[in-house]
Amino acid sequence: MNTMEAVHGRSEIVDRSPARFISVRGAVMAILGILVVMVCYRTYQQMFAFSAGLDSTLPEFDTYWMNLMKIELAVILASYVALWSYIWFTRDKHLDKLPVREEIRRYFTLVLFIMVYAFAVYFGGSFFAEQDASWHQTVVRDTSFTPSHIVLFYGAMPLYVLFGVGSFLYAMTRLPKFAENISVPFVLAVVGPFLILPNLGYNEWAHAFWQIEEVFSAPVHWGFVVLGWSVLALGGLLVQVVQGLIECFQRADAETPGVAV
Amino acid sequence: MQKMADPEVVDIYGVKWSKWAATLSRRFDIIVAIVLFLAVLSAFHLHFMLLAGDWDFWIDWKDRQWWPTLTPIVAITFPAALQYVFWEKFRLPIGATFGIVCLLIGEWLARAGGFYLWSDFPFSLIWPATLIPGAIVLDTILLLTGNFLLTAIFGGMGFGLLFYAGNLPMLAAYRLPMEVMNTMVSVGDYIGYAFTRTATPEYVRLIERGTLRTFGGHSAVIASFFAGFASTLMYLLWWYIGKFLARVVWVPNKLKTAMGYKKDRPSASEAVAV
């Protein structure tokens with residue numbers, strides 16, 4: 001039953017089944033896509049990191065690793081332009097007339113978007129980040145662009161920025177509360193992890209000229225730590241989303257005949 | 001969830017909801033739980049690996065001095081902040097245990113996928129320490145007292161004291177002495193010595209400068225007490241950091257007009273009144 005009816009001049013969902021409001025297909029597809037990319041990265045490392053990634057002066061290093069990095073950068077920049085432009089140019093310009101059930105559906109889409117973001121953050125912030133220690137504490141680096149860094153810093157981390165900024169733009173362009181005002185916790189939860197990318201400049205500078213030995217707890221890495229704390233701002237965002245949803249549920253119940261709560 | 005007389009209305013902790021809204025809110029809870037698991041795992045793991053990771057990566061870094069001192073101090077941070085959010089906002093007494101379990105899952109996945117499968121180190125060298133006993137104590141004290149100051153004092157001390165004790169069953173075998181090239185070392189030191197890590201400073205060379213020679217003994221207990229004291233202070237600091245970061249703050253969107261946004265909607269109460 002996917003019938004729609006006109007409310008305030010706009011299409012309104014009248015089918016009240018949960019599946020009508022929570023469409024997980026897009027999120028599941030995105031998560032599976034990220035998983036496939038990450039498994040491919042990890043397999044590639046297993047095959048070519050120790051065999052072709054130990055000496056950056058060799059031709060095979062260019063073939064297997066520098067070329068991978070060039071492809072990554074091109075693809076990720078194209079993805080930024082494509083996704084963010086799509087979200088921006090298809091924005092809702094009549095949010096003041098948004099039917100309440102459509103608003104509820106969008107809140108669920110936002111939370112699923114953030115779930116995809118969190119899944120991408122896992123690979124950049126946890127798996128490949130700690131795996132980086134098993135590389136750098138084992139072999140001596142002769143370049144900033146190691147087989148570990150090319151996957152971590154130019155593959156996994158830029159990928160989560162795609163979904164972080166995307167989820168923020170989605171909220172700003174589809175949900176009235178997030179369009180009327182900017183959510184400061186949301187800004188923190190997106191900008192903090194994003195700033196880890198520019199912080200790489202400091203990290204690589206310091207490793208090139210200052211600390212050659214790899215100790216993970218060295219001060220040169222503390223910029224990453226402080227920026228990672230910003231993820232805790234998701235707590236504030238959660239409260240904002242919960243407040244918005246409760247308001248929507250109350251309005252939807254008030255509009256529904258026979259459900260007076 | 002208690003059913004009311006009207007089959008379309010349910011009562012959840014004293015608040016009446018339509019059955020439809022209650023069902024959707026439960027689905028929302030499940031999605032949020034997954035988001036929190038992934039986000040806390042990532043952020044806490046990044047924080048921990050870059051502040052105390054070296055001691056956690058390698059068995060020969062798991063000493064009696066810095067490892068039991070530093071690890072609880074660094075690890076009580078996110079549990080304290082999460083306890084603020086979970087307890088103050090949602091009355092859930094699981095913040096600390098949730099955070100620590102997230103951290104340990106992240107660590108085990110990275111040790112297996114990176115250190116073991118990629119760099120071929122054995123698990124006897126790279127197993128991560130456990131922090132679960134201290135986390136359970138933190139949550140239990142918050143649940144029983146409902147007071148963050150008492151949780152900081154008693155839970156923080158318990159978190160520090162239980163770290164070394166909780167890991168001792170896994171660690172004890174690596175503390176046994178052995179002789180290598182006419183020098184007495186621990187089994188843990190020797191495993192680290194045998195597996196060369198070319199770009200890592202040798203930890204025994206870094207710290208064995210004093211005259212106090214012990215594999216554990218009194219110095220580990222003293223380190224644990226100091227860790228408990230410092231964890232108490234860290235707990236207080238991070239409770240407030242959690243409070244600061246979880247604030248609900250909005251600022252006006254100055255791009256609103258440029259976005260084509262015409263006018264604000266009526267407030268929620270006005271909308272319901274209509």
# chains A, B, ... in the order shown; residues from 1 in each chain; ligands from 1
>>> residues_around(residues="region 131-141 of chain B", least_positions_apart="2", cutoff="7 Å", atoms="only C-alpha atoms", output="number ranges by chain")
B: 93-97, 100, 129, 143-145, 151, 155, 158-159, 162-163, 166
>>> select_by_dssp(residues="region 63-112 of chain B", states="helix (DSSP H, G or I)", output="JSON, numbers by chain")
{"B": [67, 68, 69, 70, 71, 72, 73, 74, 75, 77, 78, 79, 80, 81, 82, 83, 84, 85, 86, 87, 88, 89, 90, 95, 96, 97, 98, 99, 100, 101, 102, 103, 104, 105, 106, 107, 108, 109, 110, 111, 112]}
>>> interface_residues(of="chain A", to="chain B", cutoff="7 Å", atoms="only C-alpha atoms", output="tab-separated table (two decimals) with N, CA, C and O atoms, in the first residue's frame")
chain	number	residue	atom	x	y	z
A	18	PRO	N	6.32	0.33	8.97
A	18	PRO	CA	7.69	0.80	9.24
A	18	PRO	C	8.58	0.78	8.00
A	18	PRO	O	9.41	1.66	7.82
A	46	GLN	N	48.26	-7.41	0.94
A	46	GLN	CA	48.82	-8.73	1.24
A	46	GLN	C	49.68	-9.23	0.07
A	46	GLN	O	50.72	-9.85	0.27
A	93	LYS	N	13.43	22.90	-1.70
A	93	LYS	CA	13.34	24.35	-1.50
A	93	LYS	C	12.03	24.75	-0.83
A	93	LYS	O	11.73	25.93	-0.70
A	94	HIS	N	11.24	23.77	-0.45
A	94	HIS	CA	9.95	24.08	0.18
A	94	HIS	C	9.83	23.33	1.51
A	94	HIS	O	8.84	22.67	1.77
A	95	LEU	N	10.87	23.45	2.31
A	95	LEU	CA	10.87	22.71	3.57
A	95	LEU	C	9.79	23.21	4.53
A	95	LEU	O	9.38	22.48	5.43
A	96	ASP	N	9.34	24.44	4.34
A	96	ASP	CA	8.29	24.96	5.22
A	96	ASP	C	6.97	24.23	5.01
A	96	ASP	O	6.07	24.30	5.83
A	115	MET	N	25.10	6.05	9.69
A	115	MET	CA	25.59	4.68	9.92
A	115	MET	C	26.63	4.31	8.86
A	115	MET	O	27.67	3.72	9.17
A	118	ALA	N	29.77	6.08	9.76
A	118	ALA	CA	30.47	5.43	10.87
A	118	ALA	C	31.17	4.16	10.41
A	118	ALA	O	32.28	3.84	10.86
A	119	PHE	N	30.54	3.45	9.49
A	119	PHE	CA	31.17	2.23	8.97
A	119	PHE	C	32.46	2.57	8.22
A	119	PHE	O	33.47	1.88	8.36
A	121	VAL	N	34.28	5.25	8.75
A	121	VAL	CA	35.24	5.74	9.75
A	121	VAL	C	35.97	4.57	10.41
A	121	VAL	O	37.16	4.66	10.73
A	122	TYR	N	35.28	3.44	10.57
A	122	TYR	CA	35.92	2.28	11.21
A	122	TYR	C	37.22	1.91	10.50
A	122	TYR	O	38.25	1.66	11.15
A	125	GLY	N	39.78	4.93	10.99
A	125	GLY	CA	40.15	5.24	12.36
A	125	GLY	C	40.61	4.06	13.18
A	125	GLY	O	41.30	4.23	14.19
A	126	SER	N	40.25	2.87	12.77
A	126	SER	CA	40.58	1.70	13.59
A	126	SER	C	41.43	0.69	12.83
A	126	SER	O	42.62	0.53	13.09
A	127	PHE	N	40.84	0.01	11.85
A	127	PHE	CA	41.51	-1.16	11.27
A	127	PHE	C	42.83	-0.80	10.59
A	127	PHE	O	43.91	-1.25	10.99
A	130	GLU	N	45.53	1.05	13.01
A	130	GLU	CA	46.39	0.25	13.89
A	130	GLU	C	47.28	-0.69	13.07
A	130	GLU	O	48.41	-0.97	13.45
A	131	GLN	N	46.75	-1.14	11.93
A	131	GLN	CA	47.58	-1.97	11.08
A	131	GLN	C	48.84	-1.22	10.62
A	131	GLN	O	49.88	-1.81	10.36
A	134	SER	N	51.81	-2.08	12.51
A	134	SER	CA	52.45	-3.35	12.20
A	134	SER	C	53.37	-3.22	10.98
A	134	SER	O	54.22	-4.05	10.76
A	135	TRP	N	53.16	-2.18	10.18
A	135	TRP	CA	54.07	-1.92	9.06
A	135	TRP	C	55.24	-1.05	9.51
A	135	TRP	O	56.40	-1.41	9.36
A	136	HIS	N	54.92	0.11	10.09
A	136	HIS	CA	55.98	1.08	10.38
A	136	HIS	C	56.87	0.67	11.53
A	136	HIS	O	58.00	1.14	11.65
A	137	GLN	N	56.37	-0.17	12.43
A	137	GLN	CA	57.24	-0.61	13.51
A	137	GLN	C	58.06	-1.82	13.07
A	137	GLN	O	58.92	-2.29	13.80
A	138	THR	N	57.76	-2.31	11.86
A	138	THR	CA	58.46	-3.50	11.38
A	138	THR	C	59.52	-3.15	10.35
A	138	THR	O	60.61	-3.69	10.36
A	139	VAL	N	59.20	-2.23	9.43
A	139	VAL	CA	60.15	-1.90	8.37
A	139	VAL	C	60.48	-0.41	8.42
A	139	VAL	O	59.68	0.39	8.90
A	140	VAL	N	61.65	-0.05	7.94
A	140	VAL	CA	62.07	1.36	7.92
A	140	VAL	C	61.46	2.02	6.70
A	140	VAL	O	61.56	1.51	5.59
A	179	ALA	N	17.96	22.85	8.53
A	179	ALA	CA	18.10	23.92	7.55
A	179	ALA	C	17.93	25.29	8.21
A	179	ALA	O	18.63	26.24	7.86
A	180	GLU	N	17.03	25.35	9.18
A	180	GLU	CA	16.81	26.62	9.87
A	180	GLU	C	18.04	27.00	10.69
A	180	GLU	O	18.42	28.16	10.77
A	181	ASN	N	18.65	25.99	11.32
A	181	ASN	CA	19.82	26.24	12.16
A	181	ASN	C	20.90	25.20	11.87
A	181	ASN	O	20.60	24.09	11.42
A	182	ILE	N	22.13	25.57	12.16
A	182	ILE	CA	23.25	24.64	11.98
A	182	ILE	C	23.46	23.89	13.30
A	182	ILE	O	23.57	24.50	14.36
A	183	SER	N	23.53	22.57	13.22
A	183	SER	CA	23.79	21.76	14.41
A	183	SER	C	25.29	21.77	14.70
A	183	SER	O	26.08	21.23	13.93
A	184	VAL	N	25.66	22.37	15.82
A	184	VAL	CA	27.09	22.45	16.17
A	184	VAL	C	27.68	21.05	16.44
A	184	VAL	O	28.77	20.74	15.97
A	185	PRO	N	26.97	20.15	17.16
A	185	PRO	CA	27.54	18.80	17.33
A	185	PRO	C	27.76	18.09	15.99
A	185	PRO	O	28.75	17.37	15.83
A	213	GLU	N	62.16	7.11	13.99
A	213	GLU	CA	61.68	5.90	14.65
A	213	GLU	C	60.17	5.99	14.87
A	213	GLU	O	59.63	7.07	15.13
A	214	GLU	N	59.51	4.89	14.78
A	214	GLU	CA	58.05	4.88	14.88
A	214	GLU	C	57.61	4.45	16.27
A	214	GLU	O	57.68	3.28	16.62
A	215	VAL	N	57.21	5.42	17.08
A	215	VAL	CA	56.54	5.13	18.35
A	215	VAL	C	55.14	5.70	18.22
A	215	VAL	O	54.98	6.91	17.99
A	216	PHE	N	54.13	4.87	18.35
A	216	PHE	CA	52.77	5.33	18.07
A	216	PHE	C	52.30	6.40	19.07
A	216	PHE	O	51.50	7.25	18.73
A	217	SER	N	52.79	6.31	20.31
A	217	SER	CA	52.32	7.26	21.31
A	217	SER	C	53.16	8.55	21.34
A	217	SER	O	53.01	9.35	22.25
A	221	HIS	N	51.81	12.30	16.92
A	221	HIS	CA	50.53	11.70	16.54
A	221	HIS	C	49.34	12.27	17.32
A	221	HIS	O	48.20	11.85	17.10
A	222	TRP	N	49.59	13.17	18.24
A	222	TRP	CA	48.50	13.58	19.13
A	222	TRP	C	47.45	14.45	18.44
A	222	TRP	O	46.33	14.59	18.95
A	225	VAL	N	44.64	12.32	17.67
A	225	VAL	CA	43.87	11.96	18.87
A	225	VAL	C	42.83	13.03	19.19
A	225	VAL	O	41.64	12.73	19.36
A	228	GLY	N	40.05	13.13	16.78
A	228	GLY	CA	39.18	11.97	16.94
A	228	GLY	C	38.18	12.14	18.06
A	228	GLY	O	37.07	11.58	18.00
A	229	TRP	N	38.54	12.93	19.08
A	229	TRP	CA	37.60	13.15	20.20
A	229	TRP	C	36.29	13.76	19.72
A	229	TRP	O	35.25	13.60	20.35
A	231	VAL	N	34.34	12.95	17.61
A	231	VAL	CA	33.29	11.97	17.32
A	231	VAL	C	32.30	11.88	18.49
A	231	VAL	O	31.13	11.56	18.31
A	232	LEU	N	32.78	12.21	19.71
A	232	LEU	CA	31.88	12.18	20.87
A	232	LEU	C	30.72	13.16	20.71
A	232	LEU	O	29.68	13.02	21.36
A	233	ALA	N	30.89	14.15	19.83
A	233	ALA	CA	29.79	15.10	19.60
A	233	ALA	C	28.58	14.42	18.97
A	233	ALA	O	27.50	15.00	18.93
A	235	GLY	N	26.98	12.36	20.37
A	235	GLY	CA	26.03	12.31	21.48
A	235	GLY	C	25.07	13.49	21.43
A	235	GLY	O	23.86	13.33	21.61
A	236	GLY	N	25.61	14.69	21.18
A	236	GLY	CA	24.76	15.87	21.06
A	236	GLY	C	23.85	15.78	19.84
A	236	GLY	O	22.67	16.15	19.91
A	239	VAL	N	20.91	13.50	20.53
A	239	VAL	CA	19.84	14.15	21.29
A	239	VAL	C	19.02	15.06	20.38
A	239	VAL	O	17.78	15.09	20.46
A	240	GLN	N	19.68	15.78	19.47
A	240	GLN	CA	18.95	16.65	18.54
A	240	GLN	C	18.02	15.85	17.64
A	240	GLN	O	16.88	16.25	17.40
A	247	GLU	N	9.08	15.26	18.26
A	247	GLU	CA	8.16	16.30	17.79
A	247	GLU	C	7.34	15.80	16.59
A	247	GLU	O	6.13	16.00	16.50
A	249	PHE	N	6.68	12.66	15.71
A	249	PHE	CA	5.72	11.62	16.10
A	249	PHE	C	4.47	12.26	16.72
A	249	PHE	O	3.34	11.85	16.45
A	251	ARG	N	3.28	15.27	16.19
A	251	ARG	CA	2.48	15.93	15.15
A	251	ARG	C	1.76	14.91	14.28
A	251	ARG	O	0.60	15.10	13.91
A	253	ASP	N	0.82	11.88	15.13
A	253	ASP	CA	-0.28	11.28	15.88
A	253	ASP	C	-1.46	12.25	15.98
A	253	ASP	O	-2.63	11.85	15.92
A	254	ALA	N	-1.16	13.54	16.14
A	254	ALA	CA	-2.23	14.54	16.23
A	254	ALA	C	-3.01	14.63	14.92
A	254	ALA	O	-4.21	14.94	14.92
A	259	VAL	N	-6.19	8.27	16.66
A	259	VAL	CA	-5.01	8.06	17.51
A	259	VAL	C	-4.78	9.33	18.31
A	259	VAL	O	-4.07	10.22	17.89
A	261	VAL	N	-3.21	10.68	21.57
A	261	VAL	CA	-2.37	10.29	22.70
A	261	VAL	C	-2.07	11.49	23.58
A	261	VAL	O	-2.18	12.61	23.17
>>> residues_around(residues="Leu169 (chain A)", least_positions_apart="4", cutoff="8 Å", atoms="only C-alpha atoms", output="JSON list (two decimals) with all heavy atoms, in the first residue's frame")
[["chain", "number", "residue", "atom", "x", "y", "z"],
["A", 84, "TRP", "N", 28.21, 15.22, -3.43],
["A", 84, "TRP", "CA", 27.85, 16.48, -2.77],
["A", 84, "TRP", "C", 27.05, 17.37, -3.71],
["A", 84, "TRP", "O", 26.12, 18.06, -3.27],
["A", 84, "TRP", "CB", 29.11, 17.20, -2.26],
["A", 84, "TRP", "CG", 29.89, 16.39, -1.26],
["A", 84, "TRP", "CD1", 29.45, 15.27, -0.60],
["A", 84, "TRP", "CD2", 31.22, 16.60, -0.82],
["A", 84, "TRP", "NE1", 30.44, 14.79, 0.24],
["A", 84, "TRP", "CE2", 31.53, 15.59, 0.13],
["A", 84, "TRP", "CE3", 32.20, 17.55, -1.11],
["A", 84, "TRP", "CZ2", 32.77, 15.50, 0.75],
["A", 84, "TRP", "CZ3", 33.44, 17.47, -0.47],
["A", 84, "TRP", "CH2", 33.71, 16.47, 0.45],
["A", 87, "ILE", "N", 23.45, 16.01, -3.87],
["A", 87, "ILE", "CA", 22.66, 16.34, -2.68],
["A", 87, "ILE", "C", 22.28, 17.82, -2.69],
["A", 87, "ILE", "O", 21.15, 18.20, -2.37],
["A", 87, "ILE", "CB", 23.44, 15.97, -1.39],
["A", 87, "ILE", "CG1", 23.60, 14.46, -1.31],
["A", 87, "ILE", "CG2", 22.73, 16.49, -0.16],
["A", 87, "ILE", "CD1", 24.51, 14.01, -0.19],
["A", 88, "TRP", "N", 23.21, 18.66, -3.08],
["A", 88, "TRP", "CA", 22.95, 20.10, -3.05],
["A", 88, "TRP", "C", 21.92, 20.51, -4.10],
["A", 88, "TRP", "O", 20.96, 21.21, -3.81],
["A", 88, "TRP", "CB", 24.26, 20.86, -3.24],
["A", 88, "TRP", "CG", 24.07, 22.34, -3.21],
["A", 88, "TRP", "CD1", 23.99, 23.19, -4.27],
["A", 88, "TRP", "CD2", 23.86, 23.14, -2.04],
["A", 88, "TRP", "NE1", 23.78, 24.47, -3.84],
["A", 88, "TRP", "CE2", 23.69, 24.47, -2.48],
["A", 88, "TRP", "CE3", 23.79, 22.87, -0.67],
["A", 88, "TRP", "CZ2", 23.46, 25.52, -1.61],
["A", 88, "TRP", "CZ3", 23.57, 23.93, 0.20],
["A", 88, "TRP", "CH2", 23.41, 25.22, -0.26],
["A", 165, "VAL", "N", 30.54, 14.49, 5.14],
["A", 165, "VAL", "CA", 30.04, 15.74, 4.58],
["A", 165, "VAL", "C", 28.70, 15.49, 3.88],
["A", 165, "VAL", "O", 27.78, 16.32, 3.96],
["A", 165, "VAL", "CB", 31.07, 16.35, 3.60],
["A", 165, "VAL", "CG1", 30.52, 17.59, 2.92],
["A", 165, "VAL", "CG2", 32.35, 16.69, 4.35],
["A", 173, "THR", "N", 19.80, 20.07, 3.79],
["A", 173, "THR", "CA", 18.96, 20.36, 2.62],
["A", 173, "THR", "C", 17.62, 19.63, 2.62],
["A", 173, "THR", "O", 16.80, 19.85, 1.73],
["A", 173, "THR", "CB", 19.71, 19.96, 1.32],
["A", 173, "THR", "OG1", 20.11, 18.59, 1.43],
["A", 173, "THR", "CG2", 20.93, 20.82, 1.10]]
>>> select_by_dssp(residues="region 15-73 of chain B", states="strand (DSSP E or B)", output="PDB file with N, CA, C and O atoms, in the first residue's frame")
ATOM      1  N   VAL B  15       4.957   7.637  29.253  1.00  0.00           N
ATOM      2  CA  VAL B  15       4.629   8.504  28.112  1.00  0.00           C
ATOM      3  C   VAL B  15       3.772   7.713  27.135  1.00  0.00           C
ATOM      4  O   VAL B  15       4.107   6.584  26.784  1.00  0.00           O
ATOM      5  N   LYS B  16       2.664   8.328  26.704  1.00  0.00           N
ATOM      6  CA  LYS B  16       1.765   7.632  25.784  1.00  0.00           C
ATOM      7  C   LYS B  16       2.200   7.875  24.348  1.00  0.00           C
ATOM      8  O   LYS B  16       2.487   9.005  23.948  1.00  0.00           O
ATOM      9  N   TRP B  17       2.244   6.783  23.590  1.00  0.00           N
ATOM     10  CA  TRP B  17       2.637   6.848  22.183  1.00  0.00           C
ATOM     11  C   TRP B  17       1.615   6.072  21.361  1.00  0.00           C
ATOM     12  O   TRP B  17       1.004   5.136  21.855  1.00  0.00           O
ATOM     13  N   SER B  18       1.499   6.451  20.107  1.00  0.00           N
ATOM     14  CA  SER B  18       0.742   5.569  19.226  1.00  0.00           C
ATOM     15  C   SER B  18       1.602   4.328  18.994  1.00  0.00           C
ATOM     16  O   SER B  18       2.835   4.379  19.074  1.00  0.00           O
TER      17      SER B  18
END
>>> residues_around(residues="Ala220 (chain B)", least_positions_apart="5", cutoff="8 Å", atoms="only C-alpha atoms", output="PyMOL selection string")
chain B and resi 64-65+68+164
>>> atom_distance(atom1="CA of Val226 (chain A)", atom2="CA of Trp210 (chain A)")
20.9 Å
>>> atom_distance(atom1="CA of Val221 (chain B)", atom2="CA of Pro122 (chain B)")
28.6 Å
>>> closest_residue(among="A:Val191, A:Leu58, A:Leu237, A:Leu197", to="Phe224 (chain A)", atoms="only C-alpha atoms")
A:Leu197
>>> closest_residue(among="A:Phe48, A:Phe113, A:Trp205, A:Phe108", to="Leu245 (chain A)", atoms="only C-alpha atoms")
A:Phe108
>>> atom_distance(atom1="CA of Phe98 (chain B)", atom2="CA of Val28 (chain A)")
24.2 Å
